[in-house]
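Pasted below: my_file15.txt, compact mmCIF, C-alpha atoms.
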```txt
# COMPACT_ATOMS: atom_id res chain seq x y z
CA SER A 1 39.45 12.70 1.45
CA GLU A 2 42.74 10.76 1.71
CA LYS A 3 41.39 7.28 0.98
CA GLY A 4 38.22 8.05 -0.95
CA LEU A 5 34.95 6.19 -0.54
CA ALA A 6 36.81 2.92 0.12
CA GLY A 7 38.01 4.42 3.40
CA LEU A 8 34.44 4.28 4.70
CA TRP A 9 34.74 0.48 4.77
CA ASP A 10 37.86 0.41 6.95
CA GLY A 11 37.19 -2.01 9.79
CA PHE A 12 33.94 -3.27 8.31
CA ILE A 13 35.52 -6.64 7.58
CA PRO A 14 35.36 -8.71 9.70
CA TRP A 15 33.88 -6.99 12.77
CA GLY A 16 31.32 -4.89 10.93
CA ILE A 17 30.04 -7.93 9.04
CA VAL A 18 29.63 -9.91 12.27
CA GLN A 19 27.76 -6.97 13.78
CA ALA A 20 25.57 -6.47 10.70
CA ILE A 21 24.60 -10.17 10.54
CA GLY A 22 23.67 -10.36 14.21
CA LYS A 23 22.17 -6.91 14.70
CA GLY A 24 18.70 -7.41 13.24
CA GLY A 25 18.31 -10.99 14.41
CA VAL A 26 19.29 -10.22 18.00
CA PHE A 27 16.93 -7.24 18.15
CA GLY A 28 14.07 -9.12 16.47
CA LEU A 29 14.36 -12.07 18.87
CA ALA A 30 14.54 -9.86 21.97
CA HIS A 31 11.67 -7.69 20.71
CA ALA A 32 9.46 -10.72 20.13
CA VAL A 33 10.19 -12.06 23.62
CA ALA A 34 9.60 -8.62 25.21
CA LYS A 35 6.28 -8.25 23.35
CA SER A 36 5.17 -11.69 24.56
CA TYR A 37 5.28 -10.24 28.08
CA THR A 38 3.95 -6.74 27.40
CA THR A 39 1.11 -7.65 24.99
CA PRO A 40 -0.97 -9.59 27.59
CA LEU A 41 -0.61 -6.63 29.97
CA ILE A 42 -1.80 -4.31 27.19
CA ASN A 43 -4.75 -6.56 26.31
CA ASP A 44 -5.76 -6.78 29.98
CA GLY A 45 -5.70 -2.99 30.26
CA LYS A 46 -2.89 -3.05 32.84
CA LEU A 47 -0.46 -1.24 30.57
CA PRO A 48 -1.15 1.50 27.97
CA ALA A 49 -0.36 0.26 24.45
CA ALA A 50 2.06 3.12 23.75
CA VAL A 51 3.99 2.35 26.95
CA GLY A 52 4.05 -1.39 26.21
CA LEU A 53 5.32 -0.94 22.66
CA THR A 54 7.92 1.61 23.75
CA LEU A 55 9.09 -0.63 26.60
CA ALA A 56 9.38 -3.68 24.34
CA GLY A 57 11.51 -1.69 21.90
CA GLY A 58 13.72 -0.42 24.72
CA ILE A 59 14.24 -3.87 26.25
CA ALA A 60 15.13 -5.32 22.85
CA GLY A 61 17.57 -2.47 22.26
CA MET A 62 19.26 -3.02 25.64
CA PHE A 63 19.69 -6.75 24.97
CA GLN A 64 21.07 -5.93 21.53
CA GLY A 65 23.51 -3.51 23.14
CA TYR A 66 25.06 -6.11 25.43
CA VAL A 67 25.33 -8.73 22.66
CA LEU A 68 26.87 -6.39 20.10
CA SER A 69 29.14 -4.43 22.43
CA PRO A 70 32.26 -6.57 21.75
CA THR A 71 32.03 -6.17 17.97
CA LEU A 72 31.34 -2.45 18.36
CA LEU A 73 34.46 -2.06 20.50
CA LEU A 74 36.61 -3.92 17.98
CA LYS A 75 35.14 -1.94 15.09
CA THR A 76 35.75 1.34 16.95
CA ARG A 77 39.33 0.34 17.81
CA VAL A 78 39.96 -0.34 14.12
CA MET A 79 38.38 2.87 12.88
CA THR A 80 40.29 5.02 15.39
CA ASN A 81 43.65 3.28 14.88
CA ALA A 82 46.21 5.45 13.06
CA VAL A 83 47.41 2.56 10.88
CA PHE A 84 44.12 2.64 8.98
CA ARG A 85 44.85 6.15 7.74
CA GLU A 86 47.47 4.61 5.45
CA ARG A 87 46.65 3.40 1.95
CA MET A 88 46.05 -0.36 2.06
CA SER A 89 44.17 -2.93 0.04
CA LEU A 90 40.93 -4.44 1.32
CA TYR A 91 42.79 -7.67 2.09
CA LYS A 92 45.44 -5.79 4.09
CA THR A 93 42.87 -3.82 6.11
CA THR A 94 41.00 -7.05 6.85
CA MET A 95 44.16 -8.75 8.11
CA GLU A 96 45.05 -5.69 10.20
CA SER A 97 41.53 -5.73 11.67
CA PHE A 98 42.00 -9.35 12.75
CA LYS A 99 45.39 -8.50 14.28
CA ILE A 100 43.91 -5.62 16.29
CA GLY A 101 41.14 -7.89 17.58
CA PHE A 102 43.59 -10.53 18.80
CA LYS A 103 45.90 -7.84 20.17
CA VAL A 104 43.09 -6.27 22.21
CA VAL A 105 42.21 -9.62 23.80
CA GLY A 106 45.86 -10.58 24.28
CA ASN A 107 46.97 -7.30 25.88
CA GLU A 108 43.85 -6.29 27.81
CA GLY A 109 42.03 -9.57 28.40
CA VAL A 110 38.69 -10.92 27.18
CA ALA A 111 36.78 -8.78 29.67
CA THR A 112 37.86 -5.61 27.84
CA LEU A 113 35.52 -6.58 24.99
CA MET A 114 32.68 -5.48 27.29
CA LYS A 115 34.27 -2.10 28.01
CA GLY A 116 31.58 0.55 27.73
CA SER A 117 28.89 -2.15 27.39
CA ASN A 118 26.72 -0.71 30.18
CA ILE A 119 26.73 2.70 28.53
CA PHE A 120 26.11 1.11 25.15
CA ALA A 121 23.23 -1.04 26.44
CA LEU A 122 21.69 2.00 28.15
CA LYS A 123 22.12 3.94 24.92
CA ARG A 124 20.41 1.17 22.93
CA PHE A 125 17.54 1.13 25.42
CA PHE A 126 16.99 4.87 24.90
CA ASP A 127 17.68 4.54 21.15
CA TRP A 128 14.88 2.07 20.53
CA SER A 129 12.44 3.22 23.19
CA THR A 130 12.59 6.78 21.82
CA ARG A 131 12.35 5.57 18.22
CA TYR A 132 9.17 3.63 19.01
CA PHE A 133 7.79 6.36 21.25
CA PHE A 134 8.30 9.23 18.81
CA SER A 135 7.20 7.17 15.79
CA ASP A 136 3.96 6.17 17.56
CA MET A 137 3.48 9.79 18.63
CA PHE A 138 3.81 11.06 15.07
CA GLU A 139 1.53 8.28 13.79
CA GLY A 140 -1.10 9.45 16.30
CA ILE A 141 -0.69 13.07 15.19
CA MET A 142 -1.04 12.13 11.53
CA LEU A 143 -4.11 9.99 12.23
CA SER A 144 -5.72 12.81 14.22
CA SER A 145 -5.05 15.30 11.43
CA GLY A 146 -6.26 12.93 8.72
CA ALA A 147 -2.97 13.10 6.83
CA MET A 148 -1.90 10.25 4.52
CA LEU A 149 -4.78 7.93 5.36
CA GLU A 150 -6.06 4.97 3.34
CA GLY A 151 -9.42 3.53 4.34
CA GLY A 152 -9.33 5.31 7.69
CA VAL A 153 -5.87 4.00 8.63
CA LEU A 154 -2.39 5.36 8.07
CA SER A 155 -1.00 4.41 4.65
CA PRO A 156 2.38 2.63 4.34
CA ALA A 157 3.88 5.91 3.11
CA GLY A 158 2.40 7.66 6.13
CA LYS A 159 3.94 5.11 8.47
CA ILE A 160 7.31 5.62 6.79
CA VAL A 161 7.01 9.40 7.24
CA ALA A 162 6.13 8.90 10.92
CA SER A 163 9.15 6.62 11.34
CA LEU A 164 11.42 9.18 9.68
CA LEU A 165 10.15 11.90 12.00
CA GLY A 166 10.47 9.57 14.99
CA GLY A 167 14.02 8.69 13.98
CA THR A 168 14.91 12.37 13.70
CA ALA A 169 13.57 13.15 17.17
CA SER A 170 15.35 10.11 18.61
CA THR A 171 18.66 11.18 17.06
CA ILE A 172 18.47 14.61 18.68
CA VAL A 173 17.74 13.09 22.10
CA THR A 174 20.26 10.22 22.09
CA LEU A 175 23.27 11.48 20.08
CA PRO A 176 25.28 12.54 23.19
CA LEU A 177 25.16 8.93 24.47
CA ASP A 178 26.40 7.72 21.09
CA VAL A 179 29.36 10.09 21.28
CA ILE A 180 30.22 8.94 24.83
CA VAL A 181 30.25 5.28 23.73
CA ALA A 182 32.59 6.11 20.84
CA LYS A 183 34.92 8.02 23.17
CA SER A 184 35.02 5.22 25.75
CA GLN A 185 35.95 2.62 23.10
CA ASP A 186 38.45 4.80 21.20
CA ALA A 187 41.82 3.17 20.48
CA LYS A 188 43.52 6.02 22.36
CA LYS A 189 41.62 5.00 25.52
CA ALA A 190 42.84 1.40 25.50
CA GLY A 191 43.22 0.22 29.09
CA VAL A 192 41.81 3.48 30.45
CA LYS A 193 38.54 3.62 32.38
CA VAL A 194 36.33 6.35 30.91
CA SER A 195 33.76 8.15 33.07
CA PRO A 196 30.80 9.61 31.11
CA TRP A 197 30.33 12.36 33.71
CA LYS A 198 34.02 13.34 33.65
CA THR A 199 33.87 13.36 29.86
CA PHE A 200 31.00 15.88 29.96
CA ILE A 201 32.85 18.03 32.52
CA LYS A 202 36.07 17.95 30.48
CA ASP A 203 34.22 19.05 27.32
CA TYR A 204 32.55 21.87 29.25
CA ASP A 205 35.79 23.04 30.91
CA GLU A 206 37.60 23.11 27.58
CA GLY A 207 34.95 24.84 25.48
CA GLY A 208 32.05 25.99 27.63
CA LEU A 209 28.48 25.35 26.46
CA LYS A 210 29.48 25.65 22.80
CA GLY A 211 32.30 23.15 23.30
CA LEU A 212 29.94 20.79 25.09
CA TYR A 213 27.41 21.07 22.26
CA ASP A 214 30.01 20.61 19.52
CA ALA A 215 31.59 17.61 21.26
CA ASN A 216 28.33 15.78 21.86
CA MET A 217 26.50 16.61 18.64
CA SER A 218 29.35 15.72 16.28
CA GLY A 219 28.43 13.37 13.46
CA PHE A 220 24.78 14.43 13.58
CA GLU A 221 24.13 14.10 9.84
CA ALA A 222 25.57 10.59 9.53
CA ARG A 223 23.80 9.48 12.70
CA LEU A 224 20.51 10.97 11.47
CA LEU A 225 20.65 8.97 8.22
CA HIS A 226 21.48 5.77 10.10
CA VAL A 227 18.75 6.16 12.74
CA CYS A 228 16.03 7.17 10.28
CA PHE A 229 16.84 4.21 8.02
CA SER A 230 16.95 1.76 10.97
CA THR A 231 13.66 3.07 12.35
CA VAL A 232 11.88 2.76 9.02
CA VAL A 233 13.19 -0.78 8.49
CA MET A 234 12.54 -2.17 11.98
CA LYS A 235 9.47 -0.18 13.04
CA THR A 236 7.58 0.03 9.76
CA GLY A 237 9.34 -2.05 7.11
CA THR A 238 9.05 -5.34 8.98
CA GLY A 239 5.29 -4.86 9.36
CA ILE A 240 4.86 -4.05 5.68
CA LEU A 241 6.97 -7.09 4.73
CA TYR A 242 4.88 -9.28 7.06
CA ASP A 243 1.72 -8.06 5.32
CA LYS A 244 3.17 -8.82 1.88
CA MET A 245 4.39 -12.28 2.87
CA TYR A 246 1.31 -13.49 4.77
CA GLY A 247 -1.44 -11.26 3.39
CA VAL A 248 -2.52 -10.15 6.86
CA GLU A 249 -1.54 -7.38 9.21
CA SER A 250 1.13 -8.22 11.77
CA PRO A 251 -0.52 -8.71 15.19
CA LEU A 252 0.63 -5.57 17.04
CA PRO A 253 -1.28 -3.69 19.76
CA VAL A 254 -2.55 -0.29 18.68
CA PRO A 255 -1.64 2.78 20.76
CA GLU A 256 -4.56 4.72 22.26
CA SER A 257 -3.77 7.76 20.10
CA ALA A 258 -4.42 5.66 17.00
CA GLN A 259 -7.53 4.03 18.42
CA ALA A 260 -9.06 7.37 19.35
CA SER A 261 -8.74 8.69 15.84
CA GLU A 262 -10.24 5.66 14.07
```

Starting from the file, give its structure as structure tokens.
Amino acid sequence: SEKGLAGLWDGFIPWGIVQAIGKGGVFGLAHAVAKSYTTPLINDGKLPAAVGLTLAGGIAGMFQGYVLSPTLLLKTRVMTNAVFRERMSLYKTTMESFKIGFKVVGNEGVATLMKGSNIFALKRFFDWSTRYFFSDMFEGIMLSSGAMLEGGVLSPAGKIVASLLGGTASTIVTLPLDVIVAKSQDAKKAGVKVSPWKTFIKDYDEGGLKGLYDANMSGFEARLLHVCFSTVVMKTGTGILYDKMYGVESPLPVPESAQASE
């Protein structure tokens, strides 16, 4: 309300841009490598397709978490720094973002860039494994019910709906981890080791169950939009784009729930 819509971009340059450029590529590369190991197991019947696809998504998410953790920390430090509540031009906020990045490394050492990385990587594992799991589950339900089918298979619109539902379920399950990561990388916690368990206990002691719920489900609406969009793009959108570019379906294993309904 103080800085208008422009305030939403505080800290995006440069750390957000670096994160945005690398995010999809890092996940896509790790996902392709993970699938190269899980797909043969699926084809040999040693691993259920749903488990293999979910595991590949989770592994890719965990790898993405470790790679992107430094930029996430810098972006969080910027967004939670009081100086960015002042009115500044885009150029000034960009310069201040650079200064904070160098200051973090100079005062706390390079290793601090990985602060909270284990939590973040674990969160990304659960983020993407649950997104794939719930999306595949909803695709199976829609196939079984005969909803939004084209030629006996789920239509592109149906896949998008399944991804949106999967993203919603994933948000509900994983939001507390997202909040813990943000708290551990907050500018106010610079140089302080943050324990996830102690954070939960502190929230409970201060506000009981309601306080614990409010603290760990804050930002639900924004997170829901982000997760649903990401799930649609990475889970469904890439397959649709592959089809458009090459005129064939992308070679992905089909979960048993989908096979049973065909």

All residues 10 Å or closer to region 148-160 of chain A, only C-alpha atoms, same chain fewer than 4 positions away omitted, as a JSON list (two decimals) with C-alpha atoms, in the frame of the given file:
```json
[["chain", "number", "residue", "atom", "x", "y", "z"],
["A", 135, "SER", "CA", 7.20, 7.17, 15.79],
["A", 136, "ASP", "CA", 3.96, 6.17, 17.56],
["A", 138, "PHE", "CA", 3.81, 11.06, 15.07],
["A", 139, "GLU", "CA", 1.53, 8.28, 13.79],
["A", 140, "GLY", "CA", -1.10, 9.45, 16.30],
["A", 142, "MET", "CA", -1.04, 12.13, 11.53],
["A", 143, "LEU", "CA", -4.11, 9.99, 12.23],
["A", 164, "LEU", "CA", 11.42, 9.18, 9.68],
["A", 165, "LEU", "CA", 10.15, 11.90, 12.00],
["A", 166, "GLY", "CA", 10.47, 9.57, 14.99],
["A", 228, "CYS", "CA", 16.03, 7.17, 10.28],
["A", 229, "PHE", "CA", 16.84, 4.21, 8.02],
["A", 231, "THR", "CA", 13.66, 3.07, 12.35],
["A", 232, "VAL", "CA", 11.88, 2.76, 9.02],
["A", 233, "VAL", "CA", 13.19, -0.78, 8.49],
["A", 235, "LYS", "CA", 9.47, -0.18, 13.04],
["A", 236, "THR", "CA", 7.58, 0.03, 9.76],
["A", 237, "GLY", "CA", 9.34, -2.05, 7.11],
["A", 239, "GLY", "CA", 5.29, -4.86, 9.36],
["A", 240, "ILE", "CA", 4.86, -4.05, 5.68],
["A", 258, "ALA", "CA", -4.42, 5.66, 17.00],
["A", 259, "GLN", "CA", -7.53, 4.03, 18.42],
["A", 261, "SER", "CA", -8.74, 8.69, 15.84],
["A", 262, "GLU", "CA", -10.24, 5.66, 14.07]]
```

Val110 (chain A) environment, 12 Å, all atoms listed in the file, sequence neighbours closer than 4 positions dropped, as a PDB file with C-alpha atoms, in the frame of the given file:
```
ATOM      1  CA  PRO A  70      32.260  -6.570  21.750  1.00  0.00           C
ATOM      2  CA  LEU A  73      34.460  -2.060  20.500  1.00  0.00           C
ATOM      3  CA  LEU A  74      36.610  -3.920  17.980  1.00  0.00           C
ATOM      4  CA  GLY A 101      41.140  -7.890  17.580  1.00  0.00           C
ATOM      5  CA  PHE A 102      43.590 -10.530  18.800  1.00  0.00           C
ATOM      6  CA  LYS A 103      45.900  -7.840  20.170  1.00  0.00           C
ATOM      7  CA  VAL A 104      43.090  -6.270  22.210  1.00  0.00           C
ATOM      8  CA  VAL A 105      42.210  -9.620  23.800  1.00  0.00           C
ATOM      9  CA  GLY A 106      45.860 -10.580  24.280  1.00  0.00           C
ATOM     10  CA  MET A 114      32.680  -5.480  27.290  1.00  0.00           C
ATOM     11  CA  LYS A 115      34.270  -2.100  28.010  1.00  0.00           C
TER      12      LYS A 115
END
```

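Between CA of Thr171 (chain A) and CA of Phe134 (chain A) the separation is 10.7 Å.
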
Checklist line | CA of Gly109 (chain A) to CA of Asp127 (chain A), straight-line distance in Å | finding: 29.1 Å

Next item on the list: Can you pull out every residue within 10 Å of Arg223 (chain A), counting all atoms listed in the file, but drop anything in the same chain fewer than 4 positions away, and send it as a ChimeraX atom specification?
Entry: /A:167-168,171-172,175,178,217-219,227-229

Note to self: I'd like the neighbourhood of Gly25 (chain A) as a PyMOL selection string, where a residue qualifies if any of its atoms comes within 12 Å (using all atoms listed in the file), though same-chain residues fewer than 3 positions away should be ignored.
What the structure shows: chain A and resi 18-22+28-32+60-61+63-64+67-68+234

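Minimum distance to Ser69 (chain A) across A:Ile42, A:Val26, A:Ala121, A:Ala50 (counting all atoms listed in the file) occurs at A:Ala121.
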
Next item on the list: Rounded to one decimal place, report the CA of Lys23 (chain A)-CA of Thr54 (chain A) distance in Å.
Entry: 18.9 Å

Next item on the list: May I ask which of the residues A:Pro48, A:Gly208, A:Ala147, A:Ser97 is the closest one to Thr80 (chain A), counting all atoms listed in the file?
Entry: A:Ser97

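Of the listed residues (A:Gly52, A:Lys99, A:Pro14, A:Gly65), A:Gly65 comes nearest to Leu122 (chain A); the distances count only C-alpha atoms.
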
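All residues of protein, DNA or RNA that reach within 7 Å of Trp128 (chain A), judged by all atoms listed in the file and not counting those fewer than 2 positions away in the chain, are Gly57, Gly58, Gly61, Arg124, Phe125, Phe126, Thr130, Arg131 and Tyr132 of chain A.
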
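In this comparison, which uses only C-alpha atoms, the residue of A:Pro40, A:Leu47, A:Ala169, A:Ile201 approaching Phe220 (chain A) most closely is A:Ala169.
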
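Residue nearest Thr93 (chain A), chosen from A:Thr39, A:Trp15, A:Asp205, A:Lys210 and counting only C-alpha atoms: A:Trp15.
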
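Proximity to Phe133 (chain A) was assessed for A:Leu55, A:Met62, A:Ile17, A:Ala82 counting all atoms listed in the file; the smallest distance is recorded for A:Leu55.
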